[in-house]
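Listing of entry_29.txt; format and content: compact mmCIF, C-alpha atoms.
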```
# COMPACT_ATOMS: atom_id res chain seq x y z
CA MET I 1 0.00 0.00 0.00
CA THR I 2 3.00 2.28 0.50
CA GLN I 3 3.48 2.20 -3.27
CA TRP I 4 -0.05 3.31 -3.99
CA SER I 5 -0.68 6.77 -5.41
CA ASP I 6 -2.68 9.31 -3.42
CA VAL I 7 -5.60 8.92 -5.82
CA ARG I 8 -5.75 5.17 -5.29
CA LEU I 9 -5.46 5.51 -1.54
CA VAL I 10 -8.17 8.15 -1.44
CA GLU I 11 -10.52 5.99 -3.50
CA ALA I 12 -9.90 3.02 -1.22
CA ALA I 13 -10.41 5.18 1.87
CA GLN I 14 -13.64 6.54 0.44
CA GLN I 15 -14.87 2.95 0.26
CA GLY I 16 -14.13 2.54 3.95
CA ASN I 17 -10.62 1.11 3.76
CA GLU I 18 -9.11 2.34 7.01
CA GLU I 19 -5.67 0.99 6.19
CA ALA I 20 -5.56 3.14 3.05
CA PHE I 21 -6.44 6.17 5.12
CA ALA I 22 -3.77 5.24 7.67
CA GLU I 23 -1.25 5.28 4.83
CA LEU I 24 -2.36 8.80 3.86
CA VAL I 25 -1.94 9.91 7.48
CA ARG I 26 1.52 8.33 7.53
CA ARG I 27 2.41 10.07 4.29
CA TYR I 28 1.29 13.58 5.19
CA GLN I 29 1.38 13.87 8.97
CA SER I 30 4.81 15.46 9.01
CA LYS I 31 3.93 18.04 6.35
CA ILE I 32 0.69 18.99 8.08
CA PHE I 33 2.41 19.10 11.45
CA ASN I 34 5.09 21.45 10.09
CA LEU I 35 2.52 23.65 8.41
CA ALA I 36 0.54 23.84 11.65
CA LEU I 37 3.68 24.40 13.68
CA ARG I 38 4.68 27.32 11.48
CA TYR I 39 1.24 28.75 11.84
CA THR I 40 0.68 28.20 15.56
CA ASN I 41 4.33 28.25 16.67
CA ASP I 42 3.47 25.73 19.35
CA VAL I 43 4.23 22.01 19.17
CA GLU I 44 1.23 20.81 21.18
CA SER I 45 -1.17 23.00 19.23
CA ALA I 46 0.39 21.81 15.99
CA MET I 47 -0.07 18.18 17.05
CA ASP I 48 -3.71 18.85 17.93
CA VAL I 49 -4.34 20.59 14.62
CA THR I 50 -2.69 17.75 12.70
CA GLN I 51 -4.77 15.15 14.47
CA ASP I 52 -7.99 17.12 13.99
CA ALA I 53 -7.17 17.80 10.34
CA PHE I 54 -6.95 14.09 9.56
CA VAL I 55 -10.08 13.24 11.52
CA ARG I 56 -11.92 16.05 9.72
CA ALA I 57 -10.53 14.77 6.42
CA TRP I 58 -11.88 11.29 7.18
CA GLN I 59 -15.30 12.73 7.94
CA MET I 60 -15.31 14.83 4.78
CA LEU I 61 -13.76 12.19 2.55
CA PRO I 62 -17.07 11.18 0.90
CA LYS I 63 -17.36 14.79 -0.33
CA PHE I 64 -13.86 14.86 -1.78
CA ARG I 65 -14.27 14.61 -5.54
CA GLY I 66 -10.68 14.76 -6.61
CA ASP I 67 -10.86 18.21 -8.23
CA ALA I 68 -7.73 19.15 -6.28
CA ASN I 69 -4.80 17.11 -5.05
CA PHE I 70 -5.42 15.33 -1.79
CA TYR I 71 -2.63 17.22 -0.04
CA THR I 72 -3.96 20.59 -1.31
CA TRP I 73 -7.33 19.68 0.13
CA LEU I 74 -5.70 18.53 3.35
CA TYR I 75 -3.69 21.74 3.60
CA ARG I 76 -6.90 23.71 3.33
CA ILE I 77 -8.49 21.75 6.16
CA ALA I 78 -5.40 22.21 8.34
CA MET I 79 -5.14 25.88 7.48
CA ASN I 80 -8.78 26.48 8.40
CA LEU I 81 -8.25 24.71 11.71
CA CYS I 82 -5.21 26.90 12.39
CA ILE I 83 -7.20 30.02 11.61
CA ASP I 84 -10.07 28.90 13.87
CA ARG I 85 -7.62 28.22 16.66
CA HIS I 86 -5.95 31.59 16.15
CA ARG I 87 -9.32 33.39 16.28
CA ARG I 88 -10.33 31.60 19.44
CA ALA I 89 -6.99 32.47 21.04
CA LEU I 90 -7.46 36.11 20.09
CA ALA I 91 -11.01 36.10 21.45
CA ARG I 92 -9.68 34.74 24.74
CA GLY I 93 -7.05 37.47 24.75
CA GLU I 94 -4.12 35.08 24.82
CA PRO I 95 -0.77 36.76 24.24
CA GLN I 96 1.30 36.08 21.14
CA LYS I 97 4.06 33.56 21.79
CA VAL I 98 6.72 35.31 19.78
CA SER I 99 7.66 38.93 19.74
CA LEU I 100 10.40 40.46 17.71
CA GLU I 101 10.82 42.99 20.48
CA ASP I 102 12.32 40.26 22.65
CA LEU I 103 15.08 39.55 20.24
CA VAL I 104 18.61 40.68 20.72
CA VAL I 105 19.44 43.05 17.95
CA GLU I 106 22.07 41.52 15.78
CA ARG I 107 22.99 43.17 12.65
CA GLN I 108 24.53 40.96 10.12
CA ARG I 109 25.42 41.93 6.65
CA PHE I 110 25.35 39.43 3.89
CA GLU I 111 28.14 40.37 1.61
CA ASP I 112 27.87 37.85 -1.14
CA GLY I 113 29.65 40.03 -3.65
CA GLU I 114 28.90 43.26 -5.31
CA GLY I 115 29.20 42.21 -8.88
CA ASP I 116 26.41 41.76 -11.35
CA GLU I 117 26.55 37.98 -11.04
CA GLU I 118 26.00 38.16 -7.28
CA LEU I 119 22.63 39.77 -7.43
CA TRP I 120 21.28 36.40 -6.37
CA TRP I 121 19.49 35.33 -9.44
CA GLU I 122 21.14 32.06 -8.57
CA ASP I 123 21.58 30.76 -5.04
CA PRO I 124 25.11 31.36 -3.82
CA ASP I 125 27.17 28.47 -2.61
CA ALA I 126 26.42 27.85 1.04
CA GLY I 127 28.60 25.03 2.14
CA GLU I 128 30.84 26.59 4.78
CA PRO I 129 30.37 25.61 8.46
CA GLU I 130 30.27 29.20 9.71
CA ALA I 131 27.60 29.89 7.15
CA GLU I 132 25.54 27.13 8.73
CA VAL I 133 25.66 28.83 12.16
CA LEU I 134 24.73 32.09 10.58
CA ARG I 135 21.96 30.45 8.66
CA ARG I 136 20.49 29.01 11.83
CA GLU I 137 20.32 32.47 13.36
CA MET I 138 18.83 33.90 10.22
CA ARG I 139 16.33 31.09 10.13
CA GLN I 140 15.24 31.90 13.66
CA LYS I 141 14.80 35.58 12.92
CA VAL I 142 12.96 35.01 9.68
CA TRP I 143 10.74 32.50 11.47
CA GLU I 144 9.93 35.02 14.16
CA ALA I 145 9.24 37.71 11.59
CA VAL I 146 6.84 35.37 9.78
CA GLN I 147 4.99 34.87 13.07
CA GLN I 148 4.35 38.62 13.15
CA LEU I 149 2.59 38.74 9.79
CA PRO I 150 -1.17 39.31 9.65
CA PRO I 151 -2.90 35.92 9.18
CA PRO I 152 -3.81 36.22 5.47
CA LEU I 153 -0.25 37.22 4.60
CA LYS I 154 1.27 34.62 6.87
CA GLN I 155 -0.89 31.99 5.24
CA VAL I 156 0.39 32.66 1.72
CA ILE I 157 4.03 33.07 2.72
CA LEU I 158 3.98 29.76 4.62
CA LEU I 159 2.46 27.92 1.71
CA ARG I 160 4.72 29.56 -0.85
CA GLU I 161 8.09 29.72 0.83
CA TYR I 162 8.07 26.92 3.37
CA GLU I 163 5.84 24.44 1.58
CA GLY I 164 6.92 25.39 -1.93
CA LEU I 165 3.41 25.31 -3.37
CA SER I 166 2.59 26.96 -6.67
CA LEU I 167 0.49 30.12 -6.81
CA GLN I 168 -2.36 28.12 -8.31
CA GLU I 169 -2.27 25.60 -5.47
CA ILE I 170 -2.22 28.39 -2.90
CA ALA I 171 -5.18 30.05 -4.61
CA LYS I 172 -7.13 26.81 -4.29
CA ILE I 173 -6.22 26.37 -0.65
CA VAL I 174 -7.12 29.88 0.43
CA LYS I 175 -10.07 29.99 -1.99
CA THR I 176 -9.06 33.05 -3.92
CA ASN I 177 -7.56 33.88 -7.30
CA VAL I 178 -3.93 33.90 -8.37
CA GLY I 179 -3.90 37.70 -8.63
CA THR I 180 -4.84 38.02 -4.97
CA VAL I 181 -2.17 35.51 -4.02
CA LYS I 182 0.46 37.56 -5.89
CA SER I 183 -0.73 40.71 -4.19
CA ARG I 184 -0.64 39.08 -0.73
CA LEU I 185 2.83 37.71 -1.37
CA TYR I 186 3.99 41.18 -2.32
CA GLN I 187 2.49 42.66 0.86
CA ALA I 188 3.89 39.84 2.98
CA ARG I 189 7.37 40.44 1.60
CA GLN I 190 7.11 44.14 2.25
CA HIS I 191 6.11 43.34 5.86
CA LEU I 192 9.00 40.92 6.20
CA LYS I 193 11.38 43.48 4.79
CA ARG I 194 10.28 46.02 7.42
CA LEU I 195 10.53 43.45 10.21
CA LEU I 196 13.89 42.05 9.19
CA SER I 197 15.71 45.12 7.97
CA PRO I 198 16.81 46.23 11.47
CA TYR I 199 18.63 42.93 11.88
CA PHE I 200 20.07 42.29 8.49
CA GLU I 201 20.61 45.45 6.56
CA GLU I 202 21.41 49.02 7.22
CA GLY I 203 19.87 51.81 5.28
CA LEU I 204 16.71 50.06 4.16
CA MET U 1 12.41 52.17 -13.70
CA ARG U 2 10.94 53.63 -10.55
CA CYS U 3 11.64 52.03 -7.19
CA GLU U 4 7.94 51.29 -6.60
CA GLN U 5 7.76 49.24 -9.78
CA SER U 6 11.07 47.64 -8.91
CA ARG U 7 9.58 46.42 -5.60
CA GLN U 8 6.64 44.84 -7.34
CA TRP U 9 8.89 43.19 -9.87
CA MET U 10 11.15 41.90 -7.11
CA SER U 11 8.24 39.98 -5.64
CA LEU U 12 7.36 38.59 -9.07
CA ALA U 13 11.02 37.70 -9.64
CA LEU U 14 11.03 35.75 -6.39
CA ASP U 15 8.14 33.73 -7.76
CA ASN U 16 9.91 33.35 -11.09
CA LEU U 17 7.18 35.22 -12.91
CA LEU U 18 9.24 37.76 -14.83
CA SER U 19 10.11 37.49 -18.48
CA ASP U 20 13.78 37.63 -19.51
CA GLU U 21 13.31 41.21 -20.67
CA GLN U 22 11.77 42.23 -17.35
CA LYS U 23 14.55 40.49 -15.47
CA ALA U 24 17.11 42.45 -17.47
CA GLN U 25 15.33 45.72 -16.66
CA LEU U 26 15.16 44.87 -12.98
CA ARG U 27 18.80 43.84 -12.95
CA ALA U 28 19.77 47.16 -14.52
CA HIS U 29 17.78 49.04 -11.88
CA LEU U 30 19.34 47.04 -9.05
CA LYS U 31 22.79 47.88 -10.30
CA GLU U 32 22.01 51.57 -10.11
CA CYS U 33 19.82 51.78 -6.98
CA VAL U 34 21.53 51.00 -3.66
CA GLY U 35 18.26 50.90 -1.68
CA CYS U 36 16.56 48.47 -4.03
CA ARG U 37 19.66 46.33 -4.18
CA ALA U 38 19.76 46.02 -0.40
CA GLU U 39 16.06 45.24 -0.37
CA TRP U 40 16.48 42.60 -3.04
CA ARG U 41 19.27 40.91 -1.07
CA LEU U 42 17.18 40.87 2.06
CA LEU U 43 14.21 39.36 0.27
CA ARG U 44 16.35 36.76 -1.47
CA MET U 45 18.00 35.88 1.80
CA ALA U 46 14.63 35.50 3.54
CA GLN U 47 13.30 33.37 0.72
CA ARG U 48 16.33 31.13 0.73
CA VAL U 49 16.22 30.73 4.49
CA MET U 50 12.54 29.80 4.43
CA ALA U 51 12.98 27.37 1.56
CA THR U 52 15.84 25.58 3.26
CA THR U 53 14.34 25.39 6.73
CA PRO U 54 14.38 21.69 7.63
CA PRO U 55 11.12 20.18 8.84
CA THR U 56 10.70 19.86 12.59
CA PRO U 57 10.46 16.20 13.63
CA MET U 58 7.15 15.20 15.14
CA PRO U 59 7.33 14.41 18.85
CA TYR U 60 5.34 11.21 18.33
CA ASP U 61 3.56 9.27 15.60
CA LEU U 62 -0.03 10.36 15.10
CA VAL U 63 -1.16 7.42 12.98
CA PRO U 64 -2.40 5.22 15.89
CA ILE U 65 -4.17 8.14 17.54
CA VAL U 66 -5.88 9.32 14.37
CA MET U 67 -6.90 5.80 13.42
CA GLU U 68 -8.32 5.16 16.87
CA ARG U 69 -10.46 8.26 16.48
CA VAL U 70 -11.48 7.13 12.99
CA LYS U 71 -12.49 3.71 14.33
CA ALA U 72 -14.46 5.39 17.12
CA LEU U 73 -16.28 7.48 14.53
CA GLN U 74 -17.06 4.36 12.53
CA ARG U 75 -18.38 2.56 15.60
CA GLU U 76 -20.43 5.57 16.54
CA ARG U 77 -21.94 5.81 13.07
CA LYS U 78 -22.79 2.11 12.91
CA GLY U 79 -24.01 1.95 16.46
CA SER U 80 -25.96 5.16 16.62
CA SER U 81 -29.15 3.86 15.01
CA TRP U 82 -29.15 0.59 16.99
CA ARG U 83 -28.26 2.30 20.25
CA PHE U 84 -31.23 4.63 19.89
CA TRP U 85 -33.52 1.66 20.34
CA SER U 86 -31.43 -0.64 22.51
CA VAL U 87 -30.52 1.79 25.26
CA ARG U 88 -34.12 2.62 26.20
CA PRO U 89 -36.53 -0.30 25.64
CA TRP U 90 -39.56 1.86 26.30
CA ARG U 91 -38.95 3.35 22.86
CA TRP U 92 -39.89 0.00 21.34
CA ALA U 93 -43.16 -0.05 23.30
CA LEU U 94 -43.87 3.51 22.27
CA ALA U 95 -43.11 2.77 18.63
CA VAL U 96 -45.49 -0.24 18.63
CA ALA U 97 -48.25 1.49 20.55
CA MET U 98 -48.19 4.77 18.65
CA PRO U 99 -49.92 3.56 15.44
CA PHE U 100 -52.72 1.92 17.47
CA VAL U 101 -53.27 5.04 19.52
CA LEU U 102 -53.42 7.14 16.39
CA MET U 103 -55.81 4.71 14.68
CA VAL U 104 -58.17 4.66 17.67
CA ALA U 105 -58.08 8.44 17.93
CA ILE U 106 -58.92 8.86 14.24
CA LEU U 107 -61.72 6.28 14.44
CA PHE U 108 -63.38 7.93 17.41
CA SER U 109 -63.13 11.40 16.02
CA TRP U 110 -64.66 10.24 12.77
CA ARG U 111 -67.56 8.47 14.56
CA GLY U 112 -68.12 11.50 16.72
CA TRP U 113 -68.30 13.71 13.69
CA ARG U 114 -70.77 11.37 11.98
CA SER U 115 -73.13 11.24 15.02
CA GLU U 116 -72.98 14.91 15.86
CA PRO U 117 -76.56 16.33 16.00
CA ALA U 118 -77.58 19.25 13.86
CA PRO U 119 -77.27 22.53 15.78
CA SER U 120 -80.50 23.71 17.33
CA GLU U 121 -81.82 27.23 16.91
CA SER U 122 -80.99 28.00 20.52
CA PHE U 123 -77.32 27.39 19.66
CA TYR U 124 -77.21 30.68 17.78
CA LEU U 125 -77.41 33.22 20.54
CA SER U 126 -77.58 36.79 19.52
CA ALA U 127 -75.33 39.39 21.02
CA HIS U 128 -78.38 40.94 22.68
CA VAL U 129 -79.10 37.76 24.64
CA VAL U 130 -75.46 37.50 25.74
CA ASN U 131 -75.38 41.12 26.84
CA ALA U 132 -78.60 40.70 28.73
CA ALA U 133 -77.14 37.72 30.56
CA ARG U 134 -73.99 39.66 31.39
CA THR U 135 -75.98 42.61 32.69
CA THR U 136 -77.94 40.33 34.97
CA ALA U 137 -74.88 38.50 36.24
CA ALA U 138 -72.67 41.55 36.73
CA PRO U 139 -74.59 44.81 37.10
CA ALA U 140 -71.37 46.73 37.51
CA PHE U 141 -70.63 46.11 33.82
CA ALA U 142 -74.01 47.30 32.71
CA PRO U 143 -72.71 50.44 30.93
CA ILE U 144 -70.26 48.32 28.95
CA SER U 145 -72.97 45.84 28.12
CA LEU U 146 -75.19 48.67 27.01
CA ALA U 147 -72.48 50.00 24.74
CA LEU U 148 -71.81 46.56 23.33
CA SER U 149 -75.49 45.97 22.68
CA SER U 150 -75.52 48.97 20.39
CA VAL U 151 -72.95 47.30 18.16
CA GLN U 152 -74.55 45.81 15.11
CA PHE U 153 -74.87 42.04 15.29
CA VAL U 154 -73.13 40.27 12.49
CA GLY U 155 -74.55 36.77 12.92
CA ASP U 156 -77.40 35.18 11.13
CA GLU U 157 -80.41 35.62 13.41
CA THR U 158 -82.84 33.87 11.13
CA GLN U 159 -81.47 30.40 12.04
```

Can you present the structure in this file as structure tokens?
Amino acid sequence: MTQWSDVRLVEAAQQGNEEAFAELVRRYQSKIFNLALRYTNDVESAMDVTQDAFVRAWQMLPKFRGDANFYTWLYRIAMNLCIDRHRRALARGEPQKVSLEDLVVERQRFEDGEGDEELWWEDPDAGEPEAEVLRREMRQKVWEAVQQLPPPLKQVILLREYEGLSLQEIAKIVKTNVGTVKSRLYQARQHLKRLLSPYFEEGL
Amino acid sequence: MRCEQSRQWMSLALDNLLSDEQKAQLRAHLKECVGCRAEWRLLRMAQRVMATTPPTPMPYDLVPIVMERVKALQRERKGSSWRFWSVRPWRWALAVAMPFVLMVAILFSWRGWRSEPAPSESFYLSAHVVNAARTTAAPAFAPISLALSSVQFVGDETQ
């Protein structure tokens, strides 16, 4: 069953084959968990969302007609659960877990060359050990900046940059058109630029 | 190229949505504009960092937990209709008795309707008679009764 395609597994699960559904859970639990973790920034919440997303998927499986990929559909379920959870947390007045204000200000320039070829149309080589340490710090700061984005912008940036989904797939998940996705990505990047510029660049 | 357009194109470039000609224009602008160049580097760096962030390992496997919940849902769905009857046996008795009760009620009401006598003339009381009775029973309401008696009667007094 591990060799089966998603489509075949979904069809079998729709006919009540629990083992086929278990295989889908096995296949996507890590992706959904990471998506939820990036959204909620809390491991326990992310585990709850992942669990609920699969149970909800099982309940809604008879309605799944295969117009979208299974994982796109699953992402949408998980994303909606994250949004619901976020709204409930806001309604209860729970504080945000991450604040950029708490961070130690570390300015780090990224001098990857000034020439025309180093304008990063291509990814620069990143094999050095010190670069790895630096990258971990950068990763942390970028992660924390992403947590500060307004939910609709955070949603698209997570799906685009962390999950690597296409604009069309994102549009399906967030139920909007590609133009809106482009616009939100632009706004999200402008937000990120403002949030990250104190740490990474001078003069922005 | 203006910086505002450059910003929009940078976002499109990050999504690989620019044509070669547009890329060349953006590249030319970035070479000239220090601010946009710094912005571009920051955005590229952020994108690269996000794309290369390794997935966080799950603290435990969710498959057994999810499948247990799925099985519980299945049991609940299969058992819900049977449990409705099995948990409270009086529901069986009620379900069996209900049609008989309804049948008897319909039968009696039908017989009653068939044997109902034709209304006598005394059944049709005029408003005057009613008011007279009220006046006798409660003299304190006599003025009201008097006023009411002046209202035109709308029934059929010939029957």

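Ranking I:Arg85, I:Val49, I:Leu185, I:Lys175 by their shortest atom-to-atom distance to Arg160 of chain I, with only C-alpha atoms included, puts I:Leu185 first.
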
Which residues of chain I have any atom within 6 Å of an atom in chain U when counting only C-alpha atoms, and what is the closest pair of atoms for each, with the distance in Å to one decimal? Order the rows by chain and rising number and write it as a tab-separated table.
```
residue	atom	partner	partner_atom	distance
I:Gln51	CA	U:Val66	CA	5.9
I:Arg139	CA	U:Val49	CA	5.7
I:Glu161	CA	U:Ala51	CA	5.5
I:Tyr162	CA	U:Ala51	CA	5.3
I:Tyr186	CA	U:Ser11	CA	5.5
```

So how many Å separate atom CA of Met1 of chain I and atom CA of Glu163 of chain I, to one decimal?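 Rounded to one decimal, the two atoms are 25.2 Å apart.
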
Using Å and a single decimal, report how far atom CA of Gln14 of chain I sits from atom CA of Pro62 of chain I.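 Computing the Euclidean distance for atom CA of Pro62 of chain I and atom CA of Gln14 of chain I yields 5.8 Å.
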
Quick one: distance from atom CA of Arg88 of chain I to atom CA of Ala46 of chain I in Å, one decimal? 14.9 Å

Choose the residue, out of I:Met79, I:Ala89, I:Leu196, I:Ala68, that has the smallest atom-to-atom separation from Gln168 of chain I; count only C-alpha atoms. I:Ala68

Can you tell me which residues surround Leu195 of chain I at a distance of at most 9 Å, considering all atoms listed in the file, apart from same-chain residues fewer than 6 positions away, and format the answer as a list of chain:residue names? I:Leu100, I:Val142, I:Ala145, I:Val146, I:Gln148

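With all atoms listed in the file as the atoms that count, the minimum distance from Thr72 of chain I to the choices I:Lys141, I:His191, I:Lys31, I:Arg8 is reached by I:Lys31.
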